[in-house]
Amino acid sequence: MNNRNVRGDILQFVKFNIVGLLNTLVDMAVFALLHSLGLFYVIAQIISYGAGTANSFILNSKITFKDRQRSKEEGFDHRQLLRFIALNLFVLCISLLLMSVLITRLGLQEFLSKVLVTFVTVIINFFGSRKWVFVKPKQSLPVSGEVISGTDAERR
């Protein structure tokens, strides 16, 4: 791996964490509000995580992984959105499981457990987003009989 790739990976991770900080602020603010209103922590977590997730998809697709976006001609990638939703449902389940353990087994306060769990879910989310959700679109292969020009062949 050359220095350019390493710098690009580090920059992408920094962008992901800046976006993640904003998502976390949205998530935590909604969780704190709902929890202060007496909502059970599981319901508050589901709603607040959903708010942060919506923010995450918009900002990560526009900022963090924008170099992997489809062109305007190709249109919106519905599979990408479905993968994003699936990843975040998985991460939500992990967060609920870990929060439950921290709260019911270890006796930690709900908000503190949410903060601790967030450190774990950020890592899962970054690698899932990078390796599965926001992957570069594959180049289409030529249809049988289609002639490929020299420049097209070099790009493939």
# chains A, B, ... in the order shown; residues from 1 in each chain; ligands from 1
call {"tool": "select_by_dssp", "arguments": {"residues": "chain A", "states": "helix (DSSP H, G or I)", "output": "VMD selection string"}}
result
chain A and resid 3 to 36 41 to 64 66 to 68 78 to 105 110 to 133 150 to 155
call {"tool": "residues_around", "arguments": {"residues": "segment 109-116 of chain A", "least_positions_apart": "2", "cutoff": "12 Å", "atoms": "only C-alpha atoms", "output": "compact mmCIF listing (two decimals) with N, CA, C and O atoms, in the first residue's frame"}}
result
# COMPACT_ATOMS: atom_id res chain seq x y z
N LEU A 21 -19.45 12.19 14.62
CA LEU A 21 -19.64 13.06 15.78
C LEU A 21 -20.95 13.81 15.67
O LEU A 21 -21.71 13.90 16.65
N THR A 24 -23.69 11.36 16.24
CA THR A 24 -23.75 11.03 17.66
C THR A 24 -24.42 12.15 18.46
O THR A 24 -25.20 11.87 19.38
N LEU A 25 -24.12 13.39 18.10
CA LEU A 25 -24.78 14.51 18.78
C LEU A 25 -26.29 14.47 18.56
O LEU A 25 -27.06 14.68 19.51
N ASP A 27 -28.05 11.76 17.82
CA ASP A 27 -28.49 10.56 18.54
C ASP A 27 -28.58 10.82 20.05
O ASP A 27 -29.60 10.54 20.69
N MET A 28 -27.51 11.37 20.62
CA MET A 28 -27.47 11.61 22.07
C MET A 28 -28.51 12.63 22.50
O MET A 28 -29.15 12.47 23.55
N ALA A 29 -28.67 13.70 21.72
CA ALA A 29 -29.65 14.74 22.08
C ALA A 29 -31.06 14.17 22.07
O ALA A 29 -31.84 14.41 23.01
N VAL A 30 -31.38 13.40 21.05
CA VAL A 30 -32.72 12.79 20.97
C VAL A 30 -32.89 11.78 22.10
O VAL A 30 -33.94 11.75 22.77
N PHE A 31 -31.86 10.96 22.36
CA PHE A 31 -31.93 9.98 23.45
C PHE A 31 -32.14 10.68 24.79
O PHE A 31 -33.00 10.29 25.58
N ALA A 32 -31.34 11.72 25.06
CA ALA A 32 -31.45 12.45 26.34
C ALA A 32 -32.84 13.06 26.50
O ALA A 32 -33.44 12.99 27.58
N LEU A 33 -33.36 13.64 25.43
CA LEU A 33 -34.69 14.24 25.49
C LEU A 33 -35.75 13.18 25.77
O LEU A 33 -36.57 13.34 26.69
N LEU A 34 -35.73 12.11 25.01
CA LEU A 34 -36.74 11.06 25.18
C LEU A 34 -36.61 10.37 26.54
O LEU A 34 -37.63 10.08 27.19
N HIS A 35 -35.38 10.13 26.98
CA HIS A 35 -35.18 9.49 28.28
C HIS A 35 -35.63 10.41 29.42
O HIS A 35 -36.22 9.95 30.39
N SER A 36 -35.38 11.72 29.27
CA SER A 36 -35.81 12.67 30.31
C SER A 36 -37.33 12.78 30.37
O SER A 36 -37.89 13.14 31.41
N LEU A 39 -39.30 7.95 28.66
CA LEU A 39 -39.40 6.85 27.72
C LEU A 39 -38.41 5.76 28.10
O LEU A 39 -37.27 6.04 28.48
N PHE A 40 -38.81 4.52 28.02
CA PHE A 40 -37.98 3.36 28.31
C PHE A 40 -36.74 3.42 27.41
O PHE A 40 -36.83 3.74 26.23
N TYR A 41 -35.57 3.08 27.96
CA TYR A 41 -34.32 3.26 27.22
C TYR A 41 -34.28 2.52 25.89
O TYR A 41 -33.65 2.98 24.93
N VAL A 42 -34.92 1.38 25.78
CA VAL A 42 -34.91 0.62 24.52
C VAL A 42 -35.63 1.42 23.43
O VAL A 42 -35.12 1.57 22.31
N ALA A 44 -36.26 4.68 23.47
CA ALA A 44 -35.48 5.91 23.25
C ALA A 44 -34.28 5.62 22.36
O ALA A 44 -33.95 6.42 21.48
N GLN A 45 -33.63 4.49 22.57
CA GLN A 45 -32.46 4.12 21.76
C GLN A 45 -32.86 3.88 20.31
O GLN A 45 -32.18 4.32 19.39
N ILE A 46 -33.94 3.20 20.08
CA ILE A 46 -34.39 2.91 18.72
C ILE A 46 -34.70 4.21 17.97
O ILE A 46 -34.25 4.42 16.84
N SER A 48 -33.75 7.38 18.78
CA SER A 48 -32.58 8.27 18.67
C SER A 48 -31.56 7.72 17.67
O SER A 48 -30.97 8.47 16.89
N TYR A 49 -31.37 6.40 17.66
CA TYR A 49 -30.45 5.79 16.71
C TYR A 49 -30.96 5.99 15.28
O TYR A 49 -30.17 6.26 14.37
N LEU A 92 -27.74 -1.49 15.43
CA LEU A 92 -28.74 -1.17 16.45
C LEU A 92 -28.96 -2.37 17.37
O LEU A 92 -29.01 -2.22 18.60
N ILE A 94 -26.85 -4.80 18.01
CA ILE A 94 -25.64 -4.93 18.83
C ILE A 94 -25.67 -3.90 19.96
O ILE A 94 -25.37 -4.22 21.12
N SER A 95 -26.05 -2.66 19.63
CA SER A 95 -26.07 -1.61 20.66
C SER A 95 -27.09 -1.92 21.74
O SER A 95 -26.82 -1.72 22.93
N LEU A 96 -28.25 -2.42 21.36
CA LEU A 96 -29.28 -2.76 22.35
C LEU A 96 -28.82 -3.91 23.24
O LEU A 96 -29.04 -3.89 24.46
N LEU A 97 -28.18 -4.90 22.65
CA LEU A 97 -27.67 -6.04 23.41
C LEU A 97 -26.61 -5.58 24.41
O LEU A 97 -26.67 -5.91 25.60
N LEU A 98 -25.64 -4.79 23.93
CA LEU A 98 -24.58 -4.31 24.82
C LEU A 98 -25.12 -3.39 25.90
O LEU A 98 -24.71 -3.47 27.07
N MET A 99 -26.06 -2.51 25.54
CA MET A 99 -26.66 -1.62 26.55
C MET A 99 -27.38 -2.44 27.61
O MET A 99 -27.29 -2.14 28.80
N SER A 100 -28.09 -3.45 27.17
CA SER A 100 -28.81 -4.30 28.12
C SER A 100 -27.85 -4.96 29.11
O SER A 100 -28.12 -5.00 30.31
N VAL A 101 -26.75 -5.47 28.59
CA VAL A 101 -25.75 -6.10 29.46
C VAL A 101 -25.17 -5.09 30.44
O VAL A 101 -25.07 -5.35 31.64
N LEU A 102 -24.80 -3.92 29.93
CA LEU A 102 -24.20 -2.89 30.79
C LEU A 102 -25.17 -2.38 31.85
O LEU A 102 -24.78 -2.11 32.99
N ILE A 103 -26.44 -2.28 31.49
CA ILE A 103 -27.44 -1.74 32.42
C ILE A 103 -27.93 -2.80 33.41
O ILE A 103 -27.91 -2.60 34.62
N THR A 104 -28.36 -3.94 32.88
CA THR A 104 -28.99 -4.94 33.74
C THR A 104 -27.98 -5.82 34.48
O THR A 104 -28.22 -6.22 35.61
N ARG A 105 -26.86 -6.12 33.85
CA ARG A 105 -25.88 -7.01 34.49
C ARG A 105 -24.82 -6.26 35.29
O ARG A 105 -24.38 -6.72 36.33
N LEU A 106 -24.38 -5.12 34.75
CA LEU A 106 -23.31 -4.38 35.42
C LEU A 106 -23.82 -3.17 36.20
O LEU A 106 -23.05 -2.52 36.90
N GLY A 107 -25.10 -2.86 36.04
CA GLY A 107 -25.71 -1.79 36.82
C GLY A 107 -25.30 -0.38 36.42
O GLY A 107 -25.45 0.55 37.21
N THR A 118 -21.40 3.31 22.13
CA THR A 118 -21.14 4.09 20.92
C THR A 118 -19.72 3.88 20.40
O THR A 118 -19.50 3.81 19.18
N PHE A 119 -18.75 3.72 21.29
CA PHE A 119 -17.37 3.47 20.86
C PHE A 119 -17.27 2.17 20.05
O PHE A 119 -16.55 2.10 19.06
N VAL A 120 -18.00 1.16 20.46
CA VAL A 120 -17.98 -0.13 19.75
C VAL A 120 -18.70 -0.02 18.41
O VAL A 120 -18.20 -0.48 17.38
N THR A 121 -19.86 0.63 18.42
CA THR A 121 -20.67 0.68 17.20
C THR A 121 -20.05 1.55 16.11
O THR A 121 -20.27 1.30 14.93
N VAL A 122 -19.26 2.56 16.49
CA VAL A 122 -18.59 3.39 15.49
C VAL A 122 -17.63 2.54 14.65
O VAL A 122 -17.58 2.68 13.42
call {"tool": "closest_residue", "arguments": {"among": "A:Ser61, A:Gln12, A:Asn23, A:Asn17", "to": "Asp77 of chain A", "atoms": "only C-alpha atoms"}}
result
A:Ser61
call {"tool": "residues_around", "arguments": {"residues": "Leu11 of chain A", "least_positions_apart": "5", "cutoff": "12 Å", "atoms": "only C-alpha atoms", "output": "JSON, numbers by chain"}}
result
{"A": [4, 5, 6, 16, 17, 18, 63, 64, 65]}
call {"tool": "residues_around", "arguments": {"residues": "Phe57 of chain A", "least_positions_apart": "2", "cutoff": "12 Å", "atoms": "only C-alpha atoms", "output": "ChimeraX atom specification"}}
result
/A:16,19-20,22-23,50-55,59-66,80-85,87-88,125,129,133-134
call {"tool": "atom_distance", "arguments": {"atom1": "atom CA of Val135 of chain A", "atom2": "atom CA of Val117 of chain A"}}
result
25.9 Å
call {"tool": "atom_distance", "arguments": {"atom1": "atom CA of Phe13 of chain A", "atom2": "atom CA of Phe126 of chain A"}}
result
7.8 Å
call {"tool": "atom_distance", "arguments": {"atom1": "atom CA of Val26 of chain A", "atom2": "atom CA of Leu108 of chain A"}}
result
22.2 Å
